[in-house]
$ cat final-v8.cif   # mmCIF, C-alpha atoms
data_protein
#
loop_
_atom_site.label_atom_id
_atom_site.label_comp_id
_atom_site.auth_asym_id
_atom_site.auth_seq_id
_atom_site.Cartn_x
_atom_site.Cartn_y
_atom_site.Cartn_z
CA LYS W 658 0.00 0.00 0.00
CA ALA W 659 1.42 3.39 -0.98
CA GLY W 660 2.29 5.77 1.84
CA VAL W 661 1.42 9.40 2.38
CA THR W 662 2.75 11.66 -0.34
CA GLN W 663 3.39 15.37 -0.17
CA THR W 664 4.19 17.86 -2.89
CA PRO W 665 6.30 19.78 -3.38
CA ARG W 666 9.14 18.50 -1.23
CA TYR W 667 11.03 21.79 -1.16
CA LEU W 668 9.87 25.33 -1.69
CA ILE W 669 11.46 28.75 -1.49
CA LYS W 670 9.20 31.78 -1.26
CA THR W 671 9.62 35.44 -0.40
CA ARG W 672 7.85 37.36 2.34
CA GLY W 673 4.33 38.40 1.45
CA GLN W 674 3.77 35.62 -1.06
CA GLN W 675 1.35 32.76 -0.55
CA VAL W 676 1.93 29.04 -0.84
CA THR W 677 -0.18 25.91 -1.30
CA LEU W 678 1.00 22.51 -0.16
CA SER W 679 -0.60 19.22 -1.13
CA CYS W 680 -1.02 15.92 0.68
CA SER W 681 -2.36 12.59 -0.57
CA PRO W 682 -3.24 10.18 2.27
CA ILE W 683 -2.91 6.42 2.41
CA SER W 684 -5.68 4.77 0.43
CA GLY W 685 -8.74 4.31 2.63
CA HIS W 686 -7.70 6.93 5.17
CA ARG W 687 -10.20 9.71 5.62
CA SER W 688 -8.41 11.87 8.17
CA VAL W 689 -5.58 14.21 7.27
CA SER W 690 -3.75 16.28 9.87
CA TRP W 691 -1.21 19.00 9.23
CA TYR W 692 1.73 19.92 11.45
CA GLN W 693 4.45 22.54 11.44
CA GLN W 694 7.84 21.50 12.74
CA THR W 695 10.62 23.91 13.62
CA PRO W 696 13.77 23.33 15.70
CA GLY W 697 12.59 25.70 18.40
CA GLN W 698 8.89 24.78 18.66
CA GLY W 699 8.87 21.11 17.83
CA LEU W 700 5.81 19.57 16.20
CA GLN W 701 2.87 21.96 16.26
CA PHE W 702 -0.64 20.90 15.22
CA LEU W 703 -2.26 23.04 12.55
CA PHE W 704 -5.58 21.37 11.74
CA GLU W 705 -7.27 18.09 10.95
CA TYR W 706 -9.74 17.28 8.22
CA PHE W 707 -12.09 14.32 8.11
CA SER W 708 -14.52 13.69 5.26
CA GLU W 709 -13.96 17.19 3.88
CA THR W 710 -14.71 18.88 7.23
CA GLN W 711 -12.25 20.58 9.54
CA ARG W 712 -12.83 19.01 12.93
CA ASN W 713 -9.81 20.19 14.91
CA LYS W 714 -7.72 23.32 14.75
CA GLY W 715 -4.52 24.39 16.47
CA ASN W 716 -3.45 27.85 17.59
CA PHE W 717 -2.28 29.33 14.34
CA PRO W 718 -3.32 32.63 12.74
CA GLY W 719 -5.95 32.78 10.04
CA ARG W 720 -3.21 33.03 7.39
CA PHE W 721 -3.03 29.25 7.67
CA SER W 722 -5.95 27.47 6.07
CA GLY W 723 -6.71 24.13 4.56
CA ARG W 724 -9.24 22.03 2.81
CA GLN W 725 -9.95 18.44 1.96
CA PHE W 726 -11.41 17.04 -1.21
CA SER W 727 -13.84 14.19 -1.71
CA ASN W 728 -10.98 11.79 -2.49
CA SER W 729 -9.43 12.71 0.93
CA ARG W 730 -6.53 14.60 -0.63
CA SER W 731 -5.82 17.76 1.31
CA GLU W 732 -4.21 21.10 0.69
CA MET W 733 -2.99 23.73 3.08
CA ASN W 734 -2.45 27.35 2.19
CA VAL W 735 -0.39 30.00 3.88
CA SER W 736 -1.02 33.56 2.80
CA THR W 737 1.18 36.62 3.34
CA LEU W 738 4.22 34.56 4.23
CA GLU W 739 6.47 35.67 7.08
CA LEU W 740 10.09 34.69 7.79
CA GLY W 741 8.88 32.73 10.81
CA ASP W 742 6.83 30.45 8.58
CA SER W 743 10.01 28.73 7.44
CA ALA W 744 9.56 25.17 8.64
CA LEU W 745 8.97 21.56 7.73
CA TYR W 746 5.27 21.06 7.04
CA LEU W 747 4.09 17.55 7.64
CA CYS W 748 0.84 15.89 6.89
CA ALA W 749 -0.32 12.67 8.48
CA SER W 750 -3.19 10.40 7.57
CA SER W 751 -5.27 7.97 9.61
CA LEU W 752 -8.54 6.10 9.41
CA GLY W 753 -9.79 8.71 11.84
CA ARG W 754 -12.78 6.93 13.27
CA GLY W 755 -13.73 5.19 16.49
CA ALA W 756 -13.06 5.98 20.12
CA MET W 757 -10.28 3.41 20.29
CA GLY W 758 -8.04 2.40 17.47
CA GLY W 759 -8.01 3.69 13.92
CA HIS W 760 -6.23 6.85 14.97
CA GLU W 761 -2.66 5.84 14.30
CA GLN W 762 -1.23 8.62 12.18
CA TYR W 763 1.23 7.98 9.37
CA PHE W 764 3.36 10.86 8.21
CA GLY W 765 4.36 11.93 4.75
CA PRO W 766 7.92 13.02 3.95
CA GLY W 767 7.09 16.69 4.49
CA THR W 768 7.49 19.90 2.55
CA ARG W 769 10.40 22.07 3.59
CA LEU W 770 9.39 25.69 3.16
CA THR W 771 11.98 28.45 3.25
CA VAL W 772 10.78 32.06 3.35
CA THR W 773 13.34 34.71 2.42
CA GLN K 511 2.13 22.51 32.46
CA LYS K 512 2.77 20.93 29.08
CA GLU K 513 0.21 18.35 28.04
CA VAL K 514 2.82 15.75 27.06
CA GLU K 515 6.25 15.92 28.66
CA GLN K 516 9.45 14.19 27.67
CA ASN K 517 13.03 14.64 28.77
CA SER K 518 14.80 16.30 25.83
CA GLY K 519 18.00 14.33 26.39
CA PRO K 520 20.27 13.43 24.85
CA LEU K 521 20.00 10.00 26.37
CA SER K 522 23.28 8.27 25.69
CA VAL K 523 23.50 4.48 25.92
CA PRO K 524 26.16 2.00 24.80
CA GLU K 525 25.47 -0.41 21.97
CA GLY K 526 23.68 -3.51 23.20
CA ALA K 527 22.18 -1.82 26.26
CA ILE K 528 18.51 -1.15 27.03
CA ALA K 529 17.35 2.39 26.28
CA SER K 530 14.43 3.61 28.39
CA LEU K 531 12.41 6.57 27.15
CA ASN K 532 9.73 8.13 29.31
CA CYS K 533 6.69 10.28 28.76
CA THR K 534 4.04 11.75 31.08
CA TYR K 535 0.73 13.28 30.09
CA SER K 536 -1.75 15.53 31.82
CA ASP K 537 -5.15 14.56 30.36
CA ARG K 538 -6.62 11.64 32.33
CA GLY K 539 -9.08 11.07 29.49
CA SER K 540 -6.29 10.08 27.11
CA GLN K 541 -6.96 6.74 25.51
CA SER K 542 -4.35 6.06 22.85
CA PHE K 543 -0.59 6.37 23.08
CA PHE K 544 2.00 6.36 20.34
CA TRP K 545 5.75 6.35 19.90
CA TYR K 546 7.35 7.81 16.81
CA ARG K 547 10.97 7.72 15.73
CA GLN K 548 12.36 10.67 13.78
CA TYR K 549 15.76 10.68 12.16
CA SER K 550 17.37 14.04 11.53
CA GLY K 551 15.89 15.68 8.44
CA LYS K 552 13.20 13.00 8.07
CA SER K 553 9.55 12.76 9.01
CA PRO K 554 8.30 10.88 12.10
CA GLU K 555 7.78 7.14 11.73
CA LEU K 556 5.24 5.28 13.87
CA ILE K 557 6.96 2.45 15.73
CA MET K 558 4.56 1.50 18.54
CA PHE K 559 1.06 2.21 19.79
CA ILE K 560 -0.65 1.03 22.96
CA TYR K 561 -4.19 1.40 24.28
CA SER K 562 -4.35 -0.74 27.43
CA ASN K 563 -2.45 -0.71 30.69
CA GLY K 564 0.55 -3.00 30.73
CA ASP K 565 3.22 -3.93 28.26
CA LYS K 566 3.16 -4.37 24.51
CA GLU K 567 6.14 -5.92 22.78
CA ASP K 568 7.17 -5.74 19.14
CA GLY K 569 10.62 -7.07 18.34
CA ARG K 570 13.20 -5.09 20.29
CA PHE K 571 10.62 -2.50 21.32
CA THR K 572 8.35 -2.63 24.37
CA ALA K 573 5.79 0.04 25.17
CA GLN K 574 4.59 0.29 28.76
CA LEU K 575 1.45 2.14 29.84
CA ASN K 576 0.34 3.07 33.35
CA LYS K 577 -2.82 5.16 33.14
CA ALA K 578 -3.08 5.60 36.92
CA SER K 579 0.32 7.31 36.93
CA GLN K 580 -0.28 8.94 33.52
CA TYR K 581 2.96 7.50 32.31
CA VAL K 582 4.02 5.76 29.13
CA SER K 583 7.47 4.47 28.30
CA LEU K 584 9.37 2.87 25.46
CA LEU K 585 12.11 0.32 26.02
CA ILE K 586 14.56 -0.50 23.28
CA ARG K 587 16.49 -3.70 23.90
CA ASP K 588 19.88 -4.44 22.36
CA SER K 589 20.23 -0.81 21.26
CA GLN K 590 22.01 -0.26 17.96
CA PRO K 591 23.69 2.88 16.57
CA SER K 592 20.91 2.92 13.96
CA ASP K 593 18.44 3.55 16.81
CA SER K 594 20.02 6.98 17.32
CA ALA K 595 17.15 9.38 16.61
CA THR K 596 14.59 11.57 18.32
CA TYR K 597 11.68 9.67 19.84
CA LEU K 598 8.35 11.45 20.01
CA CYS K 599 5.61 10.45 22.41
CA ALA K 600 2.07 11.25 21.27
CA VAL K 601 -1.14 11.01 23.25
CA SER K 602 -4.66 10.98 21.86
CA ALA K 603 -7.80 11.91 23.73
CA PHE K 604 -11.30 11.30 22.43
CA SER K 605 -13.37 14.34 23.20
CA GLY K 606 -16.53 15.74 21.68
CA GLY K 607 -16.60 13.05 19.02
CA TYR K 608 -13.11 13.74 17.76
CA ASN K 609 -9.66 12.44 18.48
CA LYS K 610 -6.80 14.88 18.85
CA LEU K 611 -3.14 13.87 18.91
CA ILE K 612 -0.77 15.83 21.17
CA PHE K 613 2.98 15.39 20.71
CA GLY K 614 5.75 15.75 23.22
CA ALA K 615 8.90 17.65 22.29
CA GLY K 616 10.85 14.43 21.88
CA THR K 617 13.86 12.73 23.47
CA ARG K 618 17.12 12.48 21.56
CA LEU K 619 18.68 9.05 21.85
CA ALA K 620 22.35 8.50 21.06
CA VAL K 621 23.63 4.92 20.91
CA HIS K 622 27.40 4.78 20.87
CA PRO K 623 29.47 1.77 19.71
#
$ encode --input "final-v8.cif" --output "C-alpha cells"
Amino acid sequence: KAGVTQTPRYLIKTRGQQVTLSCSPISGHRSVSWYQQTPGQGLQFLFEYFSETQRNKGNFPGRFSGRQFSNSRSEMNVSTLELGDSALYLCASSLGRGAMGGHEQYFGPGTRLTVT
Amino acid sequence: QKEVEQNSGPLSVPEGAIASLNCTYSDRGSQSFFWYRQYSGKSPELIMFIYSNGDKEDGRFTAQLNKASQYVSLLIRDSQPSDSATYLCAVSAFSGGYNKLIFGAGTRLAVHP
C-alpha cells in the first residue's frame, strides 16, 4: 500500500507571497492532519480534516488554512508569508474513526518551506 | 504545564544496552498512546502504539502504559547505533466526538558503539 505523499518537497518563497502545499493520504484513510515542525517549537498541530470537514484546529493565525477534497486529498495554504513560517510542514493520515483504534497517524515526507 | 512531557535528552547508551524513554501526560481522558521515531531531516515514523495498561512488545521495542500514573514508556532492547534518533511520544484523547493527537517535544537518543 502506498504511503502518504506530499508535494512539493522543497519550496522557497519570499515574504508576502502565498503558498499551497498538497497531501495525498494512504488509500482508505479519511483523516488528514497538518503539522508545522521547527527546531525551536517542535511539532505543532495546525488542523485536521475528516470527510472534507475541519474538525480540529490548532493555535495558528488565520493566514493558515486548509481544505480536503472528496478523495481525501488535502491542501494547506499560507497567505502573506512571514520569515517565521520557514519550517517543515508535515501531513499525516489515519482512518480517523472510532473511540479506540483507527487513529494511528502515518506521516508523509514533508514539505520544507523556506521564506526569504 | 505541558500536556505531554518528555526529557529532551540526549539519552546516551552503549550499543547492546537497554534504552528507556519516558513520557508523562496531563489529560486523564487520554486513551491512545503512540511512539514515533524521527531521524534528523526525516519525518516521524510510527513504531509503537498502545491502548491498554501493561506492556506491549514488538521485536526489540516494548511500550509500557500506566494510566493511573499517567505515564508511558518505550524500552529498546539491544540498542544499535541505527536507533540513534529523536523519539516522540504522542497522546490521543477522544473528546466531543473527535480524536486529537498531542505530541511531546521528543527525546534524543544517542547509541554509541
$ closest_residue --input "final-v8.cif" --among "K:Leu598, K:Ile560, K:Val514, K:Ala529" --to "Gln580 (chain K)" --atoms "all atoms listed in the file"
K:Val514
$ atom_distance --input "final-v8.cif" --atom1 "CA of Phe707 (chain W)" --atom2 "CA of Ser688 (chain W)"
4.4 Å
$ resolve_selection --input "final-v8.cif" --expression "the PyMOL selection byres ((chain W and resi 695) around 9)" --output "VMD selection string"
chain W and resid 693 to 694 696 to 701 743 to 746
$ residues_around --input "final-v8.cif" --residues "Leu752 (chain W)" --least-positions-apart "6" --cutoff "8 Å" --atoms "all atoms listed in the file" --output "list in words"
Gly685, His686, Arg687, Ser688, Gly759, His760 and Glu761 of chain W
$ atom_distance --input "final-v8.cif" --atom1 "CA of Phe571 (chain K)" --atom2 "CA of Thr596 (chain K)"
14.9 Å
$ closest_residue --input "final-v8.cif" --among "K:Leu531, K:Ala573, K:Ala600, K:Leu584" --to "chain W" --atoms "only C-alpha atoms"
K:Ala600
$ closest_atom_pairs --input "final-v8.cif" --of "chain W" --to "chain K" --cutoff "9 Å" --atoms "all atoms listed in the file" --output "Markdown table"
| residue | atom | partner | partner_atom | distance |
| --- | --- | --- | --- | --- |
| W:Gln698 | CA | K:Ala615 | CA | 8.0 |
| W:Gly699 | CA | K:Ala615 | CA | 5.6 |
| W:Leu700 | CA | K:Phe613 | CA | 6.8 |
| W:Gln701 | CA | K:Phe613 | CA | 7.9 |
| W:Phe702 | CA | K:Ile612 | CA | 7.8 |
| W:Glu705 | CA | K:Lys610 | CA | 8.5 |
| W:Arg712 | CA | K:Tyr608 | CA | 7.2 |
| W:Asn713 | CA | K:Lys610 | CA | 7.3 |
| W:Leu745 | CA | K:Ser553 | CA | 8.9 |
| W:Leu747 | CA | K:Ser553 | CA | 7.4 |
| W:Gly753 | CA | K:Asn609 | CA | 7.6 |
| W:Arg754 | CA | K:Tyr608 | CA | 8.2 |
| W:Gly755 | CA | K:Asn609 | CA | 8.5 |
| W:Ala756 | CA | K:Phe604 | CA | 6.1 |
| W:Met757 | CA | K:Ser542 | CA | 7.0 |
| W:Gly758 | CA | K:Ser542 | CA | 7.5 |
| W:His760 | CA | K:Asn609 | CA | 7.4 |
| W:Glu761 | CA | K:Phe559 | CA | 7.6 |
| W:Gln762 | CA | K:Leu556 | CA | 7.5 |
| W:Tyr763 | CA | K:Leu556 | CA | 6.6 |
| W:Phe764 | CA | K:Pro554 | CA | 6.3 |
| W:Gly765 | CA | K:Ser553 | CA | 6.8 |
| W:Pro766 | CA | K:Ser553 | CA | 5.3 |
| W:Gly767 | CA | K:Ser553 | CA | 6.5 |
$ resolve_selection --input "final-v8.cif" --expression "the PyMOL selection byres ((chain K and resi 522-528) around 7)" --output "list in words"
Pro520, Leu521, Ala529, Ser530, Leu585, Ile586, Arg587, Asp588, Ser589, Gln590, Pro591, Leu619, Ala620, Val621, His622 and Pro623 of chain K
$ write_last_selection --input "final-v8.cif" --atoms "C-alpha atoms" --output "PDB file, in the coordinates of the input"
ATOM      1  CA  PRO K 520      20.270  13.430  24.850  1.00  0.00           C
ATOM      2  CA  LEU K 521      20.000  10.000  26.370  1.00  0.00           C
ATOM      3  CA  ALA K 529      17.350   2.390  26.280  1.00  0.00           C
ATOM      4  CA  SER K 530      14.430   3.610  28.390  1.00  0.00           C
ATOM      5  CA  LEU K 585      12.110   0.320  26.020  1.00  0.00           C
ATOM      6  CA  ILE K 586      14.560  -0.500  23.280  1.00  0.00           C
ATOM      7  CA  ARG K 587      16.490  -3.700  23.900  1.00  0.00           C
ATOM      8  CA  ASP K 588      19.880  -4.440  22.360  1.00  0.00           C
ATOM      9  CA  SER K 589      20.230  -0.810  21.260  1.00  0.00           C
ATOM     10  CA  GLN K 590      22.010  -0.260  17.960  1.00  0.00           C
ATOM     11  CA  PRO K 591      23.690   2.880  16.570  1.00  0.00           C
ATOM     12  CA  LEU K 619      18.680   9.050  21.850  1.00  0.00           C
ATOM     13  CA  ALA K 620      22.350   8.500  21.060  1.00  0.00           C
ATOM     14  CA  VAL K 621      23.630   4.920  20.910  1.00  0.00           C
ATOM     15  CA  HIS K 622      27.400   4.780  20.870  1.00  0.00           C
ATOM     16  CA  PRO K 623      29.470   1.770  19.710  1.00  0.00           C
TER      17      PRO K 623
END
$ resolve_selection --input "final-v8.cif" --expression "the PyMOL selection byres ((chain W and resi 736) around 9)" --output "number ranges by chain"
W: 673-677, 719-722, 734-735, 737-739
$ residues_around --input "final-v8.cif" --residues "Ser583 (chain K)" --least-positions-apart "3" --cutoff "9 Å" --atoms "only C-alpha atoms" --output "list in words"
Ser530, Leu531, Asn532, Cys533, Thr534, Trp545, Thr572, Ala573, Gln574, Leu575, Asn576 and Cys599 of chain K
$ atom_distance --input "final-v8.cif" --atom1 "CA of Val661 (chain W)" --atom2 "CA of Val601 (chain K)"
21.1 Å
